[in-house]
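Enquirer: The following file, start20.cif, comprises mmCIF, C-alpha atoms:
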```cif
data_work
loop_
_atom_site.label_atom_id
_atom_site.label_comp_id
_atom_site.auth_asym_id
_atom_site.auth_seq_id
_atom_site.Cartn_x
_atom_site.Cartn_y
_atom_site.Cartn_z
CA MET A 295 4.88 104.74 158.35
CA SER A 296 8.44 103.61 159.09
CA ARG A 297 11.23 105.70 160.57
CA ARG A 298 12.30 108.66 158.43
CA LEU A 299 15.68 108.89 156.75
CA GLY A 300 18.05 111.64 157.90
CA PHE A 301 19.28 114.67 155.98
CA PHE A 302 22.46 113.01 154.70
CA ALA A 303 20.71 109.83 153.56
CA ARG A 304 18.27 111.97 151.56
CA ALA A 305 21.06 114.10 150.10
CA TRP A 306 22.97 110.93 149.24
CA ALA A 307 19.91 109.68 147.32
CA VAL A 308 20.12 112.79 145.11
CA CYS A 309 23.87 112.32 144.64
CA ALA A 310 23.46 108.62 143.75
CA LYS A 311 20.65 109.43 141.32
CA ASP A 312 22.77 112.08 139.56
CA ALA A 313 25.68 109.62 139.36
CA ALA A 314 23.45 106.89 137.90
CA GLN A 315 22.09 109.32 135.30
CA GLU A 316 25.55 110.54 134.29
CA LEU A 317 27.01 107.03 134.10
CA ARG A 318 24.12 105.74 132.00
CA ARG A 319 24.25 108.72 129.66
CA ARG A 320 28.05 108.29 129.35
CA VAL A 321 28.45 111.20 126.93
CA ALA A 322 28.61 113.87 129.65
CA ILE A 323 31.21 112.09 131.79
CA ALA A 324 33.25 111.14 128.74
CA SER A 325 33.28 114.75 127.52
CA ILE A 326 34.52 116.03 130.90
CA PHE A 327 37.45 113.63 130.97
CA PHE A 328 38.15 114.14 127.27
CA PHE A 329 38.34 117.91 127.94
CA ALA A 330 40.74 117.34 130.85
CA ALA A 331 42.98 115.06 128.76
CA THR A 332 43.02 117.49 125.83
CA ALA A 333 43.81 120.46 128.07
CA LEU A 334 46.65 118.53 129.74
CA ALA A 335 48.15 117.54 126.41
CA LEU A 336 47.92 121.08 125.03
CA VAL A 337 49.42 122.66 128.17
CA SER A 338 52.39 120.28 128.22
CA TYR A 339 52.91 120.84 124.49
CA ALA A 340 52.77 124.63 124.92
CA VAL A 341 55.01 124.91 128.00
CA GLY A 342 57.64 122.34 126.96
CA PRO A 343 59.38 124.28 124.14
CA PHE A 344 60.17 127.24 126.41
CA GLY A 345 62.63 125.09 128.32
CA ILE A 346 61.85 126.64 131.68
CA PRO A 347 63.23 124.40 134.43
CA PRO A 348 60.41 122.89 136.55
CA GLU A 349 61.72 124.50 139.75
CA SER A 350 61.39 127.98 138.19
CA ARG A 351 57.80 127.70 137.11
CA SER A 352 55.85 126.73 140.23
CA ARG A 353 53.58 129.80 139.80
CA LEU A 354 52.88 128.97 136.17
CA ASP A 355 52.27 125.28 136.93
CA ALA A 356 49.87 126.02 139.80
CA SER A 357 47.86 128.41 137.62
CA LEU A 358 47.75 125.97 134.70
CA LEU A 359 46.67 123.12 136.98
CA TRP A 360 43.71 125.14 138.28
CA VAL A 361 42.81 126.27 134.76
CA ILE A 362 42.57 122.59 133.76
CA LEU A 363 40.64 121.56 136.89
CA PHE A 364 38.26 124.51 136.74
CA PHE A 365 37.38 124.29 133.08
CA SER A 366 37.06 120.50 133.14
CA ALA A 367 34.61 120.73 136.05
CA ALA A 368 32.89 123.77 134.53
CA THR A 369 31.46 121.65 131.73
CA SER A 370 29.38 119.82 134.35
CA LEU A 371 28.86 122.20 137.29
CA PRO A 372 26.15 124.49 135.87
CA ARG A 373 24.01 121.51 134.83
CA ALA A 374 23.16 120.42 138.39
CA PHE A 375 19.77 122.12 138.60
CA VAL A 376 19.46 123.39 135.04
CA ARG A 377 19.02 119.85 133.71
CA GLU A 378 16.18 119.21 136.19
CA GLU A 379 14.33 122.20 134.77
CA GLU A 380 15.15 121.48 131.15
CA THR A 381 13.91 117.89 131.36
CA GLY A 382 10.90 118.79 133.56
CA THR A 383 11.92 116.55 136.46
CA GLY A 384 12.31 119.49 138.84
CA LEU A 385 8.58 119.60 139.57
CA GLY A 386 8.48 116.09 141.04
CA LEU A 387 11.66 116.77 142.98
CA ARG A 388 10.24 119.99 144.42
CA LYS A 389 7.10 118.11 145.44
CA VAL A 390 8.93 115.61 147.64
CA ALA A 391 12.13 117.30 148.82
CA PRO A 392 13.11 120.69 150.26
CA GLY A 393 15.65 122.73 148.33
CA VAL A 394 18.39 122.28 150.92
CA VAL A 395 18.35 118.46 150.57
CA VAL A 396 18.51 118.65 146.78
CA LEU A 397 21.25 121.28 146.88
CA ALA A 398 23.35 119.23 149.31
CA GLY A 399 23.01 116.11 147.16
CA LYS A 400 23.88 117.89 143.95
CA ALA A 401 26.82 119.74 145.54
CA LEU A 402 28.09 116.39 146.85
CA PHE A 403 27.87 114.87 143.38
CA ASN A 404 29.73 117.83 141.85
CA PHE A 405 32.38 117.57 144.58
CA LEU A 406 32.92 113.85 143.96
CA LEU A 407 33.10 114.51 140.22
CA PHE A 408 35.70 117.25 140.84
CA LEU A 409 37.74 114.86 143.00
CA ALA A 410 37.61 112.24 140.22
CA ILE A 411 38.82 114.81 137.69
CA ALA A 412 41.61 115.87 140.09
CA ALA A 413 42.58 112.25 140.83
CA LEU A 414 43.25 111.69 137.13
CA SER A 415 44.51 115.16 136.15
CA VAL A 416 47.01 115.90 138.95
CA PRO A 417 49.17 112.75 138.49
CA ALA A 418 49.07 113.19 134.69
CA PHE A 419 49.98 116.88 135.08
CA SER A 420 52.93 115.93 137.35
CA VAL A 421 54.26 113.47 134.80
CA LEU A 422 53.76 115.57 131.68
CA LEU A 423 55.14 118.81 133.13
CA GLU A 424 57.62 117.24 135.57
CA TRP A 425 55.82 119.08 138.32
CA ARG A 426 57.14 118.23 141.78
CA VAL A 427 54.99 118.72 144.88
CA ARG A 428 56.94 118.87 148.12
CA SER A 429 53.86 118.93 150.38
CA LYS A 430 51.44 116.30 149.11
CA ALA A 431 49.20 116.62 152.18
CA GLY A 432 49.10 120.37 151.60
CA LEU A 433 48.08 119.88 147.97
CA LEU A 434 45.39 117.41 149.04
CA ALA A 435 44.00 119.98 151.51
CA VAL A 436 43.97 122.66 148.79
CA ILE A 437 42.18 120.38 146.33
CA LEU A 438 39.59 119.33 148.93
CA LEU A 439 38.89 122.90 150.04
CA GLY A 440 39.03 124.39 146.55
CA GLY A 441 36.90 121.58 145.15
CA TRP A 442 34.22 121.95 147.80
CA GLY A 443 34.08 125.74 147.37
CA LEU A 444 33.79 125.38 143.61
CA SER A 445 31.10 122.71 143.96
CA ILE A 446 28.88 124.43 146.51
CA VAL A 447 28.99 127.86 144.82
CA SER A 448 28.41 126.45 141.33
CA THR A 449 25.57 124.22 142.53
CA PHE A 450 23.89 127.10 144.33
CA LEU A 451 24.21 129.35 141.29
CA SER A 452 22.80 126.57 139.14
CA ALA A 453 19.72 126.47 141.42
CA LEU A 454 19.45 130.24 141.26
CA VAL A 455 19.53 130.50 137.46
CA ALA A 456 17.75 127.22 136.64
CA ARG A 457 14.39 128.84 135.94
CA ALA A 458 15.72 132.06 134.42
CA GLY A 459 15.84 132.89 130.75
CA GLN A 460 19.37 133.01 129.24
CA ARG A 461 20.45 130.80 132.15
CA ASN A 462 23.84 129.82 130.71
CA VAL A 463 24.90 133.42 130.17
CA LEU A 464 23.55 134.38 133.59
CA PHE A 465 25.51 131.57 135.23
CA LEU A 466 28.77 132.72 133.65
CA VAL A 467 28.24 136.38 134.53
CA VAL A 468 27.30 135.67 138.16
CA SER A 469 29.89 132.96 138.74
CA PHE A 470 32.90 135.05 137.65
CA PRO A 471 32.97 137.47 140.63
CA LEU A 472 32.07 134.68 143.04
CA LEU A 473 34.65 132.14 141.90
CA VAL A 474 37.70 134.38 141.36
CA PRO A 475 38.06 134.94 145.16
CA LEU A 476 38.14 131.14 145.50
CA LEU A 477 40.57 130.41 142.69
CA LEU A 478 43.19 133.01 143.71
CA PRO A 479 43.88 131.56 147.20
CA ALA A 480 43.62 128.04 145.71
CA ILE A 481 46.43 128.89 143.27
CA ALA A 482 48.46 130.61 146.01
CA SER A 483 48.13 127.56 148.27
CA THR A 484 49.06 125.23 145.41
CA ILE A 485 52.25 127.26 144.83
CA GLN A 486 53.07 126.89 148.52
CA ALA A 487 52.39 123.13 148.37
CA SER A 488 54.72 122.68 145.43
CA GLU A 489 57.43 124.72 147.15
CA GLY A 490 57.29 122.85 150.43
CA ALA A 491 54.73 124.01 152.97
CA VAL A 492 51.14 125.16 152.92
CA GLU A 493 50.72 127.74 155.62
CA GLY A 494 49.14 131.02 156.51
CA THR A 495 46.60 133.18 154.83
CA PRO A 496 45.65 131.52 151.50
CA LEU A 497 44.52 128.23 153.05
CA ARG A 498 42.64 130.05 155.81
CA VAL A 499 40.94 132.22 153.16
CA LEU A 500 39.92 129.04 151.30
CA ALA A 501 38.50 127.49 154.48
CA ALA A 502 36.65 130.70 155.36
CA TYR A 503 35.28 130.99 151.82
CA ASP A 504 34.00 127.41 151.99
CA GLY A 505 32.35 128.01 155.36
CA ALA A 506 30.67 131.22 154.25
CA ALA A 507 29.55 129.74 150.91
CA THR A 508 28.15 126.60 152.58
CA CYS A 509 26.21 128.63 155.16
CA ALA A 510 24.83 130.99 152.50
CA ALA A 511 23.79 128.09 150.26
CA TYR A 512 22.12 126.31 153.21
CA LEU A 513 20.18 129.40 154.21
CA LEU A 514 19.17 130.42 150.69
CA ALA A 515 18.51 127.01 149.12
CA ALA A 516 14.74 127.23 149.57
CA VAL A 517 14.64 130.72 148.03
CA ALA A 518 16.72 129.64 145.06
CA TRP A 519 14.95 126.38 144.24
CA GLU A 520 11.43 126.41 145.61
CA ASP A 521 8.66 128.66 144.33
CA MET B 8 -5.63 107.14 154.02
CA ALA B 9 -5.81 108.83 157.42
CA SER B 10 -8.77 111.17 158.07
CA ALA B 11 -7.96 114.45 156.43
CA ARG B 12 -9.48 117.60 155.04
CA ILE B 13 -8.40 120.26 152.60
CA GLU B 14 -9.84 123.76 152.57
CA ALA B 15 -9.30 126.53 150.04
CA ILE B 16 -10.22 130.04 151.10
CA GLY B 17 -10.55 132.78 148.50
CA LEU B 18 -7.86 131.49 146.17
CA ALA B 19 -6.87 133.72 143.28
CA LYS B 20 -4.06 133.47 140.79
CA SER B 21 -2.88 135.81 138.11
CA PHE B 22 0.29 135.97 136.09
CA PRO B 23 1.53 139.37 134.87
CA GLY B 24 -1.17 140.62 132.51
CA CYS B 25 -3.07 137.34 132.75
CA PRO B 26 -5.63 136.85 135.53
CA LEU B 27 -6.59 133.18 135.74
CA PHE B 28 -9.20 132.76 138.47
CA ALA B 29 -10.39 134.46 141.63
CA ASP B 30 -12.23 133.65 144.84
CA VAL B 31 -12.13 129.88 144.65
CA SER B 32 -13.21 128.37 147.96
CA PHE B 33 -14.17 124.86 149.04
CA LEU B 34 -13.91 122.41 151.88
CA LEU B 35 -13.49 118.67 151.30
CA ASP B 36 -12.95 115.91 153.83
CA ARG B 37 -14.07 112.89 151.84
CA GLY B 38 -15.18 112.11 148.31
CA ILE B 39 -14.25 113.68 145.02
CA LEU B 40 -14.04 117.33 144.05
CA ALA B 41 -13.77 117.82 140.30
CA ILE B 42 -12.21 120.94 138.80
CA VAL B 43 -13.44 121.28 135.24
CA GLY B 44 -13.06 123.86 132.54
CA PRO B 45 -11.66 124.40 129.08
CA ASN B 46 -7.99 124.62 128.17
CA GLY B 47 -6.30 127.63 129.72
CA SER B 48 -8.91 128.14 132.43
CA GLY B 49 -6.37 127.50 135.22
CA LYS B 50 -7.18 123.93 136.30
CA THR B 51 -3.55 122.82 136.38
CA THR B 52 -2.47 126.02 138.13
CA LEU B 53 -5.18 125.60 140.78
CA VAL B 54 -4.14 122.00 141.41
CA LYS B 55 -0.49 123.05 141.72
CA ILE B 56 -1.49 125.69 144.27
CA LEU B 57 -3.40 123.07 146.26
CA ALA B 58 -0.35 120.78 146.05
CA GLY B 59 1.93 123.52 147.41
CA LEU B 60 3.91 123.74 144.16
CA LEU B 61 2.79 127.28 143.35
CA ALA B 62 1.92 130.20 145.59
CA PRO B 63 -1.50 131.80 145.08
CA THR B 64 -1.76 135.51 144.37
CA ARG B 65 -4.38 135.69 147.14
CA GLY B 66 -6.03 133.25 149.50
CA THR B 67 -4.87 130.27 151.54
CA VAL B 68 -4.98 126.50 151.49
CA ARG B 69 -5.35 124.57 154.75
CA VAL B 70 -4.65 120.86 155.03
CA GLU B 71 -5.48 118.93 158.19
CA ARG B 72 -4.73 115.34 159.10
CA GLU B 73 -6.50 113.77 162.07
CA GLY B 74 -7.67 117.21 163.17
CA ARG B 75 -4.20 118.74 163.13
CA PRO B 76 -3.25 121.49 160.65
CA LEU B 77 -0.22 120.54 158.58
CA SER B 78 2.64 122.72 157.43
CA GLY B 79 6.12 122.41 155.98
CA GLU B 80 7.38 118.89 155.26
CA GLU B 81 4.30 117.21 156.75
CA ARG B 82 2.06 119.04 154.33
CA ARG B 83 4.42 118.29 151.44
CA PHE B 84 4.05 114.54 152.04
CA SER B 85 0.40 114.53 153.01
CA VAL B 86 -0.78 115.84 149.65
CA GLY B 87 -0.11 113.46 146.78
CA TRP B 88 -0.01 115.11 143.36
CA SER B 89 0.36 114.21 139.73
CA GLY B 90 -0.03 116.36 136.64
CA PRO B 91 0.66 116.31 132.93
CA ASP B 92 3.93 118.23 133.32
CA LEU B 93 5.34 115.76 135.86
CA THR B 94 8.33 114.14 134.15
CA PHE B 95 10.44 111.22 135.31
CA TYR B 96 14.15 110.51 134.95
CA ALA B 97 14.41 109.00 131.49
CA GLU B 98 17.56 106.98 132.22
CA LEU B 99 16.07 105.26 135.28
CA THR B 100 13.46 102.50 135.42
CA ALA B 101 9.98 103.06 136.89
CA ARG B 102 11.03 101.26 140.07
CA GLU B 103 14.23 103.31 140.37
CA ASN B 104 12.27 106.52 139.87
CA LEU B 105 9.76 105.69 142.60
CA GLU B 106 12.48 104.46 144.97
CA PHE B 107 14.47 107.64 144.41
CA PHE B 108 11.48 109.89 145.13
CA ARG B 109 10.68 107.93 148.30
CA LYS B 110 14.27 108.11 149.55
CA VAL B 111 14.69 111.80 148.82
CA ALA B 112 11.39 112.41 150.63
CA GLY B 113 13.00 110.67 153.62
CA PHE B 114 11.19 107.33 153.56
CA PRO B 115 13.00 104.00 153.36
CA THR B 116 12.21 101.90 150.32
CA PHE B 117 11.21 98.26 150.30
CA PHE B 118 11.13 96.20 147.13
CA GLU B 119 7.64 94.82 147.87
CA ASP B 120 6.16 98.30 148.46
CA THR B 121 7.49 99.63 145.18
CA ARG B 122 6.42 96.52 143.31
CA SER B 123 2.86 96.74 144.66
CA SER B 124 2.69 100.51 143.91
CA LEU B 125 3.60 99.76 140.30
CA ALA B 126 1.33 96.73 140.10
CA ALA B 127 -1.63 98.85 141.27
CA VAL B 128 -1.33 100.96 138.13
CA GLY B 129 -0.57 98.01 135.85
CA LEU B 130 3.19 98.57 135.65
CA GLY B 131 4.21 95.54 137.72
CA GLU B 132 6.04 93.97 134.81
CA ALA B 133 7.51 97.15 133.34
CA GLY B 134 11.32 96.99 133.21
CA GLY B 135 13.62 99.16 131.14
CA PRO B 136 14.24 102.88 131.41
CA VAL B 137 11.30 105.28 131.44
CA GLU B 138 12.49 106.84 128.15
CA HIS B 139 11.11 103.74 126.42
CA PHE B 140 7.67 104.03 128.05
CA SER B 141 4.57 104.89 126.04
CA THR B 142 2.46 107.96 126.88
CA GLY B 143 -0.06 105.80 128.72
CA MET B 144 2.62 104.03 130.78
CA LYS B 145 4.09 107.39 131.81
CA GLN B 146 0.62 108.53 132.87
CA ARG B 147 0.16 105.38 134.98
CA LEU B 148 3.55 106.09 136.58
CA ARG B 149 2.34 109.61 137.43
CA VAL B 150 -0.61 108.14 139.31
CA ALA B 151 1.77 105.80 141.17
CA PHE B 152 3.91 108.84 142.05
CA ALA B 153 0.89 110.65 143.50
CA ARG B 154 0.14 107.68 145.79
CA LEU B 155 3.80 107.05 146.65
CA LEU B 156 3.88 108.43 150.20
CA ASP B 157 0.43 107.23 151.31
CA PRO B 158 -0.99 110.76 151.11
CA ALA B 159 -3.98 111.95 153.10
CA VAL B 160 -5.16 114.11 150.18
CA LEU B 161 -4.90 113.02 146.56
CA LEU B 162 -4.69 115.57 143.70
CA LEU B 163 -4.79 114.20 140.17
CA ASP B 164 -4.62 116.47 137.14
CA GLU B 165 -5.99 114.80 133.98
CA PRO B 166 -5.41 111.30 135.41
CA MET B 167 -6.95 109.49 132.42
CA SER B 168 -4.99 111.32 129.75
CA GLY B 169 -3.49 108.88 127.25
CA VAL B 170 -4.41 105.79 129.30
CA ASP B 171 -6.00 102.75 127.64
CA ALA B 172 -9.30 101.16 128.73
CA ALA B 173 -7.69 98.76 131.21
CA GLY B 174 -5.61 101.59 132.66
CA ARG B 175 -8.65 103.85 132.97
CA ALA B 176 -10.46 101.13 134.91
CA SER B 177 -7.45 100.70 137.27
CA VAL B 178 -7.13 104.46 137.81
CA ALA B 179 -10.88 104.85 138.37
CA GLY B 180 -10.73 102.04 140.95
CA LEU B 181 -7.84 103.69 142.77
CA ILE B 182 -9.64 107.04 142.80
CA ALA B 183 -12.87 105.50 144.10
CA ALA B 184 -10.99 103.64 146.84
CA ALA B 185 -9.12 106.79 147.89
CA ALA B 186 -12.34 108.84 147.88
CA ASP B 187 -13.99 106.37 150.28
CA THR B 188 -11.55 107.32 153.03
CA GLY B 189 -10.37 110.84 152.22
CA PRO B 190 -10.44 113.85 149.92
CA VAL B 191 -9.61 113.41 146.25
CA ILE B 192 -9.39 116.36 143.86
CA LEU B 193 -9.46 115.75 140.13
CA ALA B 194 -8.85 118.25 137.35
CA ALA B 195 -10.16 117.33 133.93
CA THR B 196 -11.35 118.95 130.76
CA GLU B 197 -14.18 116.40 130.75
CA LEU B 198 -15.23 114.11 133.57
CA GLY B 199 -15.82 111.18 131.17
CA GLU B 200 -14.98 107.89 132.86
CA LEU B 201 -13.92 109.45 136.13
CA PRO B 202 -15.90 108.41 139.22
CA ALA B 203 -18.83 110.74 140.01
CA PRO B 204 -17.72 113.81 141.98
CA THR B 205 -19.42 115.08 145.13
CA GLN B 206 -18.46 118.69 144.34
CA VAL B 207 -17.61 120.46 141.11
CA ILE B 208 -15.70 123.67 140.53
CA GLU B 209 -16.06 124.98 137.01
CA LEU B 210 -13.41 127.47 136.01
CA GLY B 211 -14.01 130.22 133.48
CA THR B 212 -14.03 130.20 129.74
CA GLN B 213 -11.87 133.26 129.10
CA GLY B 214 -8.76 131.16 128.43
CA SER B 215 -10.44 129.35 125.56
CA ASP B 216 -10.85 132.52 123.53
CA PRO B 217 -7.44 134.14 123.11
CA GLY B 218 -8.89 136.64 120.66
CA GLY B 219 -11.53 137.82 123.11
CA ASP B 220 -11.40 139.95 126.23
CA ARG B 221 -9.88 137.21 128.40
CA PHE B 222 -7.85 139.61 130.52
CA THR B 223 -10.56 142.13 131.28
CA ASP B 224 -12.71 140.25 133.77
CA PRO B 225 -10.97 137.73 135.96
CA GLN B 226 -14.24 136.98 137.78
CA ARG B 227 -16.15 136.01 134.69
CA GLY B 228 -17.10 132.40 134.53
CA GLN B 229 -16.00 131.50 138.07
CA ILE B 230 -18.73 129.15 139.15
CA HIS B 231 -18.57 127.22 142.36
CA ILE B 232 -21.20 124.53 142.43
CA PRO B 233 -21.33 122.55 145.66
CA ARG B 234 -23.39 119.41 145.12
#
```
In structure tokens, write the structure found in this file.

Expert:
Amino acid sequence: MSRRLGFFARAWAVCAKDAAQELRRRVAIASIFFFAATALALVSYAVGPFGIPPESRSRLDASLLWVILFFSAATSLPRAFVREEETGTGLGLRKVAPGVVVLAGKALFNFLLFLAIAALSVPAFSVLLEWRVRSKAGLLAVILLGGWGLSIVSTFLSALVARAGQRNVLFLVVSFPLLVPLLLPAIASTIQASEGAVEGTPLRVLAAYDGAATCAAYLLAAVAWED
Amino acid sequence: MASARIEAIGLAKSFPGCPLFADVSFLLDRGILAIVGPNGSGKTTLVKILAGLLAPTRGTVRVEREGRPLSGEERRFSVGWSGPDLTFYAELTARENLEFFRKVAGFPTFFEDTRSSLAAVGLGEAGGPVEHFSTGMKQRLRVAFARLLDPAVLLLDEPMSGVDAAGRASVAGLIAAAADTGPVILAATELGELPAPTQVIELGTQGSDPGGDRFTDPQRGQIHIPR
């Protein structure tokens, strides 16, 4: 038999398969971006009449931006493993691939989807709310770190609850205490980025959270997904 | 197929309040072992245990290839499996499904290999997404999935289910060819047109009588008939 593919090539196969499925189904991707567009429109409509000058509402803007990003992504994130179980395809996947490969591929797909949502939402948010970001590199770092943390934790939780009863409720209940410690430093770092410089504790907390979450997911993937 | 053997030692499986079978043992290095029994007797569960998809309550399964015991990933790939609850990605074509499973297992894909795998089960000309496949075509694809990684041991659960006469002849030919060089395990309610087995394990009848005392005697009806 020919030379084996490496870990990342195998994980990429899972990511590419998920992308092909989502693009062919169209409805799921369309609903994510429709949610993001609706949320953006509603937020700009709600904040506008208060007449708060943009420079005085960096805290509010950062929080609203992460509310939009989080809830747009949240329509897709729990489905990573749950859909495999609901459609019965998980059995074949478990037969040929270890949990860690599948988890890495699905987390990568969720991360790329989050980046796509951010790539459309952040510029639109800036225009609609006249939001000025002084440190664009800082904001990019926050979105990359926050997006990866959100993706890896949500994907792992999806694997954990995929075969449970009441899986959607379970996902929400378990994800709340795990994701709040990610979102708070993400918002704090976004405030810093809009005010000029991302520095100090919040970004380090984000990086540490991502490292810990990635290690935990790597170590526990087999327990969560395999029998 | 490379020279291989599969050995089950004292396998037992029970779900909470529902003993299925106990003390199933066999050794097979070539030819066909048939697992027969009525609905609910545990045939599918036993095959999944042999495939490494389920853990037994008691007992062990040993797989050897060229005299070497296999574990982990090697064992995963050396035992080919298909069963009635194996489902494919509806949005993808048969070729895309097989290529995905090969890649995620860590094996490069070549167009000719996939084409010949599909042609062997009479799906050489099948285009279109799997969601448009008939029951028989999906069953043929399951058999192609089981043979995908050139397994040393072949496990087929109800391989003839829903397949037309031409398909049954193709599947029987594939099974006979595989049994000439290595172990093949078949699970079926009736042997019918399947090639003649060299060993038969008949599982109990308690599952066929839900109104009876099916849970009181897990040993009842466990017959191991080496031939």

Enquirer: So that each row is one residue of chain A with an atom at most 6 Å from chain B, can you give its shortest atom pair and the distance in Å to one decimal, using only C-alpha atoms, rows by chain and rising number, as a tab-separated table?

Expert:
```
residue	atom	partner	partner_atom	distance
A:Arg298	CA	B:Phe114	CA	5.2
A:Leu299	CA	B:Gly113	CA	4.5
A:Arg304	CA	B:Val111	CA	4.5
A:Ala307	CA	B:Val111	CA	5.8
A:Gln315	CA	B:Glu98	CA	6.0
A:Gly382	CA	B:Thr94	CA	5.3
A:Thr383	CA	B:Thr94	CA	4.9
A:Val390	CA	B:Ala112	CA	5.0
A:Ala391	CA	B:Ala112	CA	5.3
```

Enquirer: Which is closest to Gly169 in chain B among B:Asp30, B:Pro91, B:Gly134, B:Ala127, if we use all atoms listed in the file?

Expert: B:Pro91

Enquirer: Skip Gln460 in chain A itself and residues of its chain fewer than 6 positions away, then list as a PDB file with C-alpha atoms, keeping the file's coordinate frame all residues within 12 Å of it, counting all atoms listed in the file.

Expert:
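Saved result, out-v9.pdb, follows:
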```pdb
ATOM      1  CA  VAL A 376      19.460 123.390 135.040  1.00  0.00           C
ATOM      2  CA  LEU A 466      28.770 132.720 133.650  1.00  0.00           C
ATOM      3  CA  VAL A 467      28.240 136.380 134.530  1.00  0.00           C
TER       4      VAL A 467
END
```

Enquirer: Name the residues within 9 Å of (-9.4, 117.5, 149.2), counting all atoms listed in the file in the file's coordinates, and put them as a ChimeraX atom specification.

Expert: /B:11-14,33-40,57,70,86,159-162,189-192

Enquirer: Using all atoms listed in the file, which of B:Leu163, B:Leu210, B:Leu77, B:Ala173 sits nearest Gly47 in chain B?

Expert: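 Checking each of B:Leu163, B:Leu210, B:Leu77, B:Ala173 against Gly47 in chain B, counting all atoms listed in the file, the winner is B:Leu210.
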
Enquirer: Using the chain letters and numbers from the file, which residues does the PyMOL selection byres ((chain A and resi 436) around 10) grab, as a PyMOL selection string?

Expert: chain A and resi 430-435+437-442+479-484+487+492+496-497+500-501

Enquirer: Counting all atoms listed in the file, which of A:Thr508, A:Ser366, A:Ser488, A:Ser429 gets nearest to Thr449 in chain A?

Expert: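 Using all atoms listed in the file, Thr449 in chain A sits closest to A:Thr508.
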
Enquirer: Do you know which residues lie at most 10 Å from (-13.9, 124.5, 142.2), with coordinates as in the file and only C-alpha atoms counted, and could you write them as a PyMOL selection string?

Expert: chain B and resi 15+30-34+40-44+50+53+192+194+206-210+229-233

Enquirer: Save the residues we just selected, C-alpha atoms, as a tab-separated table (two decimals), in the coordinates of the input?

Expert:
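See part_1.tsv below for the written result:
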```
chain	number	residue	atom	x	y	z
B	15	ALA	CA	-9.30	126.53	150.04
B	30	ASP	CA	-12.23	133.65	144.84
B	31	VAL	CA	-12.13	129.88	144.65
B	32	SER	CA	-13.21	128.37	147.96
B	33	PHE	CA	-14.17	124.86	149.04
B	34	LEU	CA	-13.91	122.41	151.88
B	40	LEU	CA	-14.04	117.33	144.05
B	41	ALA	CA	-13.77	117.82	140.30
B	42	ILE	CA	-12.21	120.94	138.80
B	43	VAL	CA	-13.44	121.28	135.24
B	44	GLY	CA	-13.06	123.86	132.54
B	50	LYS	CA	-7.18	123.93	136.30
B	53	LEU	CA	-5.18	125.60	140.78
B	192	ILE	CA	-9.39	116.36	143.86
B	194	ALA	CA	-8.85	118.25	137.35
B	206	GLN	CA	-18.46	118.69	144.34
B	207	VAL	CA	-17.61	120.46	141.11
B	208	ILE	CA	-15.70	123.67	140.53
B	209	GLU	CA	-16.06	124.98	137.01
B	210	LEU	CA	-13.41	127.47	136.01
B	229	GLN	CA	-16.00	131.50	138.07
B	230	ILE	CA	-18.73	129.15	139.15
B	231	HIS	CA	-18.57	127.22	142.36
B	232	ILE	CA	-21.20	124.53	142.43
B	233	PRO	CA	-21.33	122.55	145.66
```

Enquirer: Could you expand the PyMOL selection byres ((chain A and resi 397) around 9) into the explicit residues it covers here, written as a list in words?

Expert: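 With the PyMOL selection byres ((chain A and resi 397) around 9) on this model, the match is Ala305, Val308, Ala374, Phe375, Pro392, Gly393, Val394, Val395, Val396, Ala398, Gly399, Lys400, Ala401, Leu402, Ile446, Thr449, Phe450, Ala453, Ala511, Tyr512, Ala515 and Trp519 of chain A.
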
Enquirer: Could you list, as a PDB file with C-alpha atoms, keeping the file's coordinate frame, every residue matched by the PyMOL selection byres ((chain B and resi 133) around 9) in this structure?

Expert:
```
ATOM      1  CA  THR B 100      13.460 102.500 135.420  1.00  0.00           C
ATOM      2  CA  ALA B 101       9.980 103.060 136.890  1.00  0.00           C
ATOM      3  CA  ARG B 102      11.030 101.260 140.070  1.00  0.00           C
ATOM      4  CA  LEU B 125       3.600  99.760 140.300  1.00  0.00           C
ATOM      5  CA  GLY B 129      -0.570  98.010 135.850  1.00  0.00           C
ATOM      6  CA  LEU B 130       3.190  98.570 135.650  1.00  0.00           C
ATOM      7  CA  GLY B 131       4.210  95.540 137.720  1.00  0.00           C
ATOM      8  CA  GLU B 132       6.040  93.970 134.810  1.00  0.00           C
ATOM      9  CA  GLY B 134      11.320  96.990 133.210  1.00  0.00           C
ATOM     10  CA  GLY B 135      13.620  99.160 131.140  1.00  0.00           C
ATOM     11  CA  PHE B 140       7.670 104.030 128.050  1.00  0.00           C
ATOM     12  CA  MET B 144       2.620 104.030 130.780  1.00  0.00           C
TER      13      MET B 144
END
```

Enquirer: In Å, with one decimal, what is the gap from CA of Thr142 in chain B to CA of Gly459 in chain A?

Expert: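 For CA of Thr142 in chain B relative to CA of Gly459 in chain A, the distance reads 28.6 Å.
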
Enquirer: Taking all atoms listed in the file into account, which of B:Ala203, B:Val128, B:Leu148, B:Leu193 comes nearest Leu181 in chain B?

Expert: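 Nearest candidate to Leu181 in chain B out of B:Ala203, B:Val128, B:Leu148, B:Leu193: B:Val128.
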
Enquirer: Give me the residues near Leu423 in chain A as a list in words, where near means some atom within 10 Å (using only C-alpha atoms) and where sequence neighbours in that chain fewer than 5 positions away do not count.

Expert: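 Residues meeting the cut-off are Leu334, Ala335, Val337, Ser338, Tyr339, Val341, Gly342, Pro347, Pro348, Asp355 and Ala418 of chain A.
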